[in-house]
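Student: Before anything else, here's the structure in question.
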Amino acid sequence: MNEDEPRRGSVGASAEDVAAGAGVSPSTVSRCFASPDQVRPETRRKVLAAAERLGYRPNRIARSLALGRTGTLGLIVPDIANPFFAVIVKAVQARARRKDYAVFLADTDEHPDDEYELALTLARQVDGLLLVAPRMTGDRLGEIVRQVPSVAVNRSVSGVPSVVAPSEDGLRQAVAHLHALGHRHLALVLGARNSWSSEQRGHAVRFAAEQLHLKVTEFGPHEPKFHTGAQVADLALAAGATAIVAHNDLMALGVLSRLADRGVRVPDDVSVVGADDTLLATTATPALTTVRIPLDALGERAVDLMLHHLDDPGHPPQEVALDSELIVRRSTGPAPRKDA
């Protein structure tokens, strides 16, 4: 038998097969995959070439033990039923899988106390935590971060690696878009209490509206769900707003549904704007004008930040900011004429 071929009867090639093919010891093969910086570049190239030739895949559990890690990450989201978080979850899982990590997922159902307890529990079982739009207080978040390497997603936290998608640019474009269509009174539907994203989005709309001398009537904070959008629609109409800017697409769809029930035409009578550009935005009737957030990139960059943090814990915490943009669809149109 050729020494470069895997042994018969085995499932794939073993570390010993790779060692024989590269002319090194099995321990060198293990170090090459567990701690590559401890192996000379020339030796590492020989080992990797032999591994690729033989189709060798290192044992994740064995490698994790060598590194003193579990090979798992914890992922905590406020509401898995919200398409915003669902897309991030899929992106995180796909990226982690490519990096040979497993992901434990936990859903807090928008309850900060549950979020804190789940984080404490997972901190003892995983190498790191990905906290998506965490609702817990800064003090509690600081306690978690001291216990386990953590990355915040869609929330900026001092001293913690984070990936954010500030909505300022996209929402500024949305307000300017509505102004150009003749709207002078906007209804702003805020998201959850203690939500960094809701605070940022609310501030962005207020600032842009002030610059353009538009009136803003605010509603909330509210749970960022379909039924709360439906509730706010009646209030926005009663306030006399000609355009409604919702915290997210899910709430905007609730607004659209209630307006349709009341026979209010969108966009002829009222314009509606969402945020996130989830799949629901394109399937709504009418299709929803919204602010696009790169959700896949949020999840992918979060995993990359986490792995970098695990490999180099002494590196200063990094904040990655991604861009947002307005996507105009059929739910926005010219403001209704007062004499109509």
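Just so we're on the same page: first chain in the structure tokens is A, next is B, and so on; residues restart at 1 for each chain, and ligands are numbered from 1 in the order they show up.
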Taking only C-alpha atoms into account, produce a table as JSON lines in which each residue of range 274-337 of chain A with an atom at most 12 Å from an atom of range 223-234 of chain A appears once, together with its shortest atom pair and the distance in Å to one decimal, ordered by chain and rising number.
Tutor:
```
{"residue": "A:Gly274", "atom": "CA", "partner": "A:Gly229", "partner_atom": "CA", "distance": 10.6}
{"residue": "A:Ala275", "atom": "CA", "partner": "A:Pro224", "partner_atom": "CA", "distance": 11.2}
{"residue": "A:Leu280", "atom": "CA", "partner": "A:Phe226", "partner_atom": "CA", "distance": 11.4}
```
Student: Let's have the selection written as an mmCIF file, in the first residue's frame, with all heavy atoms.
Tutor:
```
data_model
loop_
_atom_site.group_PDB
_atom_site.id
_atom_site.type_symbol
_atom_site.label_atom_id
_atom_site.label_comp_id
_atom_site.auth_asym_id
_atom_site.auth_seq_id
_atom_site.Cartn_x
_atom_site.Cartn_y
_atom_site.Cartn_z
ATOM 1 N N GLY A 274 -40.643 51.141 6.969
ATOM 2 C CA GLY A 274 -40.134 50.204 7.968
ATOM 3 C C GLY A 274 -38.629 50.311 8.084
ATOM 4 O O GLY A 274 -38.012 51.275 7.616
ATOM 5 N N ALA A 275 -38.023 49.311 8.695
ATOM 6 C CA ALA A 275 -36.566 49.257 8.803
ATOM 7 C C ALA A 275 -36.132 47.802 8.936
ATOM 8 O O ALA A 275 -36.835 47.001 9.547
ATOM 9 C CB ALA A 275 -36.074 50.067 10.003
ATOM 10 N N LEU A 280 -40.009 39.943 4.597
ATOM 11 C CA LEU A 280 -41.393 40.379 4.701
ATOM 12 C C LEU A 280 -41.639 41.691 3.960
ATOM 13 O O LEU A 280 -42.747 41.934 3.479
ATOM 14 C CB LEU A 280 -41.787 40.540 6.172
ATOM 15 C CG LEU A 280 -41.792 39.278 7.029
ATOM 16 C CD1 LEU A 280 -42.101 39.631 8.477
ATOM 17 C CD2 LEU A 280 -42.813 38.277 6.491
#
```
Student: May I have all residues of range 199-228 of chain A that DSSP, computed from the backbone, assigns to alpha helix (DSSP H), given as a list in words?
Tutor: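 Reading the DSSP output for range 199-228 of chain A, alpha helix (DSSP H) covers Glu199, Gln200, Arg201, Gly202, His203, Ala204, Val205, Arg206, Phe207, Ala208, Ala209, Glu210, Gln211, Phe226, His227 and Thr228 of chain A.
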Student: Quick one: residues within 8 Å of Leu105 in chain A, only C-alpha atoms counted, chain neighbours fewer than 6 positions away excluded, as a PyMOL selection string?
Tutor: chain A and resi 74-77
Student: Between A:Asp304, A:Gln147, A:Leu212, A:Leu253, which has the minimum distance to Ala180 in chain A (counting only C-alpha atoms)?
Tutor: A:Leu212
Student: Can you pull out the residues contacting range 170-179 of chain A? Cut-off 9 Å, using only C-alpha atoms, and skip same-chain residues under 5 positions away; I want them as a ChimeraX atom specification.
Tutor: /A:184,186,201,204-205,207-209,212,214,243,245,271,273,275,289-293,323-328,332-335
Student: Keeping only N, CA and C atoms, write the selected residues as a PDB file, in the first residue's frame.
Tutor:
```
ATOM      1  N   ARG A 184     -45.422  66.538   5.912  1.00  0.00           N
ATOM      2  CA  ARG A 184     -44.964  67.509   6.905  1.00  0.00           C
ATOM      3  C   ARG A 184     -45.236  67.052   8.336  1.00  0.00           C
ATOM      4  N   LEU A 186     -45.022  63.471  10.608  1.00  0.00           N
ATOM      5  CA  LEU A 186     -44.661  62.062  10.671  1.00  0.00           C
ATOM      6  C   LEU A 186     -45.057  61.468  12.022  1.00  0.00           C
ATOM      7  N   ARG A 201     -32.478  54.783  16.384  1.00  0.00           N
ATOM      8  CA  ARG A 201     -33.387  55.072  15.272  1.00  0.00           C
ATOM      9  C   ARG A 201     -34.296  56.248  15.594  1.00  0.00           C
ATOM     10  N   ALA A 204     -32.312  59.419  15.206  1.00  0.00           N
ATOM     11  CA  ALA A 204     -32.037  59.723  13.800  1.00  0.00           C
ATOM     12  C   ALA A 204     -33.238  60.371  13.126  1.00  0.00           C
ATOM     13  N   VAL A 205     -34.443  59.835  13.376  1.00  0.00           N
ATOM     14  CA  VAL A 205     -35.654  60.410  12.770  1.00  0.00           C
ATOM     15  C   VAL A 205     -35.911  61.809  13.317  1.00  0.00           C
ATOM     16  N   PHE A 207     -33.788  63.978  14.573  1.00  0.00           N
ATOM     17  CA  PHE A 207     -32.789  64.942  14.096  1.00  0.00           C
ATOM     18  C   PHE A 207     -33.051  65.319  12.642  1.00  0.00           C
ATOM     19  N   ALA A 208     -33.297  64.310  11.802  1.00  0.00           N
ATOM     20  CA  ALA A 208     -33.537  64.591  10.383  1.00  0.00           C
ATOM     21  C   ALA A 208     -34.803  65.426  10.195  1.00  0.00           C
ATOM     22  N   ALA A 209     -35.856  65.120  10.973  1.00  0.00           N
ATOM     23  CA  ALA A 209     -37.107  65.865  10.862  1.00  0.00           C
ATOM     24  C   ALA A 209     -36.924  67.307  11.312  1.00  0.00           C
ATOM     25  N   LEU A 212     -35.419  69.437   8.687  1.00  0.00           N
ATOM     26  CA  LEU A 212     -36.327  69.735   7.581  1.00  0.00           C
ATOM     27  C   LEU A 212     -37.628  70.400   8.054  1.00  0.00           C
ATOM     28  N   LEU A 214     -40.024  69.318  10.086  1.00  0.00           N
ATOM     29  CA  LEU A 214     -41.189  68.438  10.048  1.00  0.00           C
ATOM     30  C   LEU A 214     -41.683  68.180  11.474  1.00  0.00           C
ATOM     31  N   ALA A 243     -47.601  60.236   7.293  1.00  0.00           N
ATOM     32  CA  ALA A 243     -46.599  59.187   7.073  1.00  0.00           C
ATOM     33  C   ALA A 243     -46.228  58.569   8.411  1.00  0.00           C
ATOM     34  N   VAL A 245     -43.387  56.140  10.322  1.00  0.00           N
ATOM     35  CA  VAL A 245     -42.062  55.513  10.295  1.00  0.00           C
ATOM     36  C   VAL A 245     -41.999  54.543  11.468  1.00  0.00           C
ATOM     37  N   SER A 271     -48.483  57.172   3.995  1.00  0.00           N
ATOM     38  CA  SER A 271     -47.272  56.442   3.605  1.00  0.00           C
ATOM     39  C   SER A 271     -46.701  55.716   4.823  1.00  0.00           C
ATOM     40  N   VAL A 273     -43.159  53.518   6.319  1.00  0.00           N
ATOM     41  CA  VAL A 273     -41.746  53.157   6.174  1.00  0.00           C
ATOM     42  C   VAL A 273     -41.363  52.204   7.305  1.00  0.00           C
ATOM     43  N   ALA A 275     -38.023  49.311   8.695  1.00  0.00           N
ATOM     44  CA  ALA A 275     -36.566  49.257   8.803  1.00  0.00           C
ATOM     45  C   ALA A 275     -36.132  47.802   8.936  1.00  0.00           C
ATOM     46  N   THR A 289     -41.494  50.238   1.675  1.00  0.00           N
ATOM     47  CA  THR A 289     -40.307  51.079   1.689  1.00  0.00           C
ATOM     48  C   THR A 289     -39.631  50.906   3.044  1.00  0.00           C
ATOM     49  N   THR A 290     -38.329  50.675   3.038  1.00  0.00           N
ATOM     50  CA  THR A 290     -37.668  50.332   4.299  1.00  0.00           C
ATOM     51  C   THR A 290     -36.197  50.720   4.255  1.00  0.00           C
ATOM     52  N   VAL A 291     -35.574  50.706   5.417  1.00  0.00           N
ATOM     53  CA  VAL A 291     -34.141  50.968   5.524  1.00  0.00           C
ATOM     54  C   VAL A 291     -33.423  49.630   5.589  1.00  0.00           C
ATOM     55  N   ARG A 292     -32.549  49.395   4.647  1.00  0.00           N
ATOM     56  CA  ARG A 292     -31.859  48.109   4.549  1.00  0.00           C
ATOM     57  C   ARG A 292     -30.688  48.049   5.522  1.00  0.00           C
ATOM     58  N   ILE A 293     -30.669  46.979   6.323  1.00  0.00           N
ATOM     59  CA  ILE A 293     -29.562  46.679   7.235  1.00  0.00           C
ATOM     60  C   ILE A 293     -28.905  45.386   6.743  1.00  0.00           C
ATOM     61  N   ASP A 323     -23.033  49.838   7.025  1.00  0.00           N
ATOM     62  CA  ASP A 323     -23.867  50.905   6.458  1.00  0.00           C
ATOM     63  C   ASP A 323     -25.325  50.495   6.320  1.00  0.00           C
ATOM     64  N   SER A 324     -26.204  51.500   6.304  1.00  0.00           N
ATOM     65  CA  SER A 324     -27.628  51.289   6.026  1.00  0.00           C
ATOM     66  C   SER A 324     -28.027  52.186   4.858  1.00  0.00           C
ATOM     67  N   GLU A 325     -29.115  51.813   4.188  1.00  0.00           N
ATOM     68  CA  GLU A 325     -29.572  52.617   3.051  1.00  0.00           C
ATOM     69  C   GLU A 325     -31.077  52.469   2.874  1.00  0.00           C
ATOM     70  N   LEU A 326     -31.695  53.481   2.284  1.00  0.00           N
ATOM     71  CA  LEU A 326     -33.130  53.462   2.036  1.00  0.00           C
ATOM     72  C   LEU A 326     -33.443  52.667   0.777  1.00  0.00           C
ATOM     73  N   ILE A 327     -34.441  51.797   0.865  1.00  0.00           N
ATOM     74  CA  ILE A 327     -34.951  51.061  -0.293  1.00  0.00           C
ATOM     75  C   ILE A 327     -36.393  51.509  -0.513  1.00  0.00           C
ATOM     76  N   VAL A 328     -36.626  52.208  -1.609  1.00  0.00           N
ATOM     77  CA  VAL A 328     -37.949  52.766  -1.885  1.00  0.00           C
ATOM     78  C   VAL A 328     -38.805  51.748  -2.635  1.00  0.00           C
ATOM     79  N   THR A 332     -44.736  54.148  -0.044  1.00  0.00           N
ATOM     80  CA  THR A 332     -44.608  55.590   0.130  1.00  0.00           C
ATOM     81  C   THR A 332     -44.981  56.304  -1.160  1.00  0.00           C
ATOM     82  N   GLY A 333     -45.651  57.439  -0.994  1.00  0.00           N
ATOM     83  CA  GLY A 333     -46.067  58.234  -2.143  1.00  0.00           C
ATOM     84  C   GLY A 333     -46.332  59.660  -1.706  1.00  0.00           C
ATOM     85  N   PRO A 334     -46.766  60.506  -2.629  1.00  0.00           N
ATOM     86  CA  PRO A 334     -47.020  61.908  -2.300  1.00  0.00           C
ATOM     87  C   PRO A 334     -48.037  62.064  -1.169  1.00  0.00           C
ATOM     88  N   ALA A 335     -47.820  63.091  -0.341  1.00  0.00           N
ATOM     89  CA  ALA A 335     -48.749  63.370   0.743  1.00  0.00           C
ATOM     90  C   ALA A 335     -50.116  63.730   0.146  1.00  0.00           C
TER      91      ALA A 335
END
```
Student: Counting only C-alpha atoms, figure out which residue out of A:Leu181, A:Ile80, A:Ala239, A:Leu310 gets nearest to Arg337 in chain A.
Tutor: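 Among the listed residues, A:Leu181 lies closest to Arg337 in chain A.
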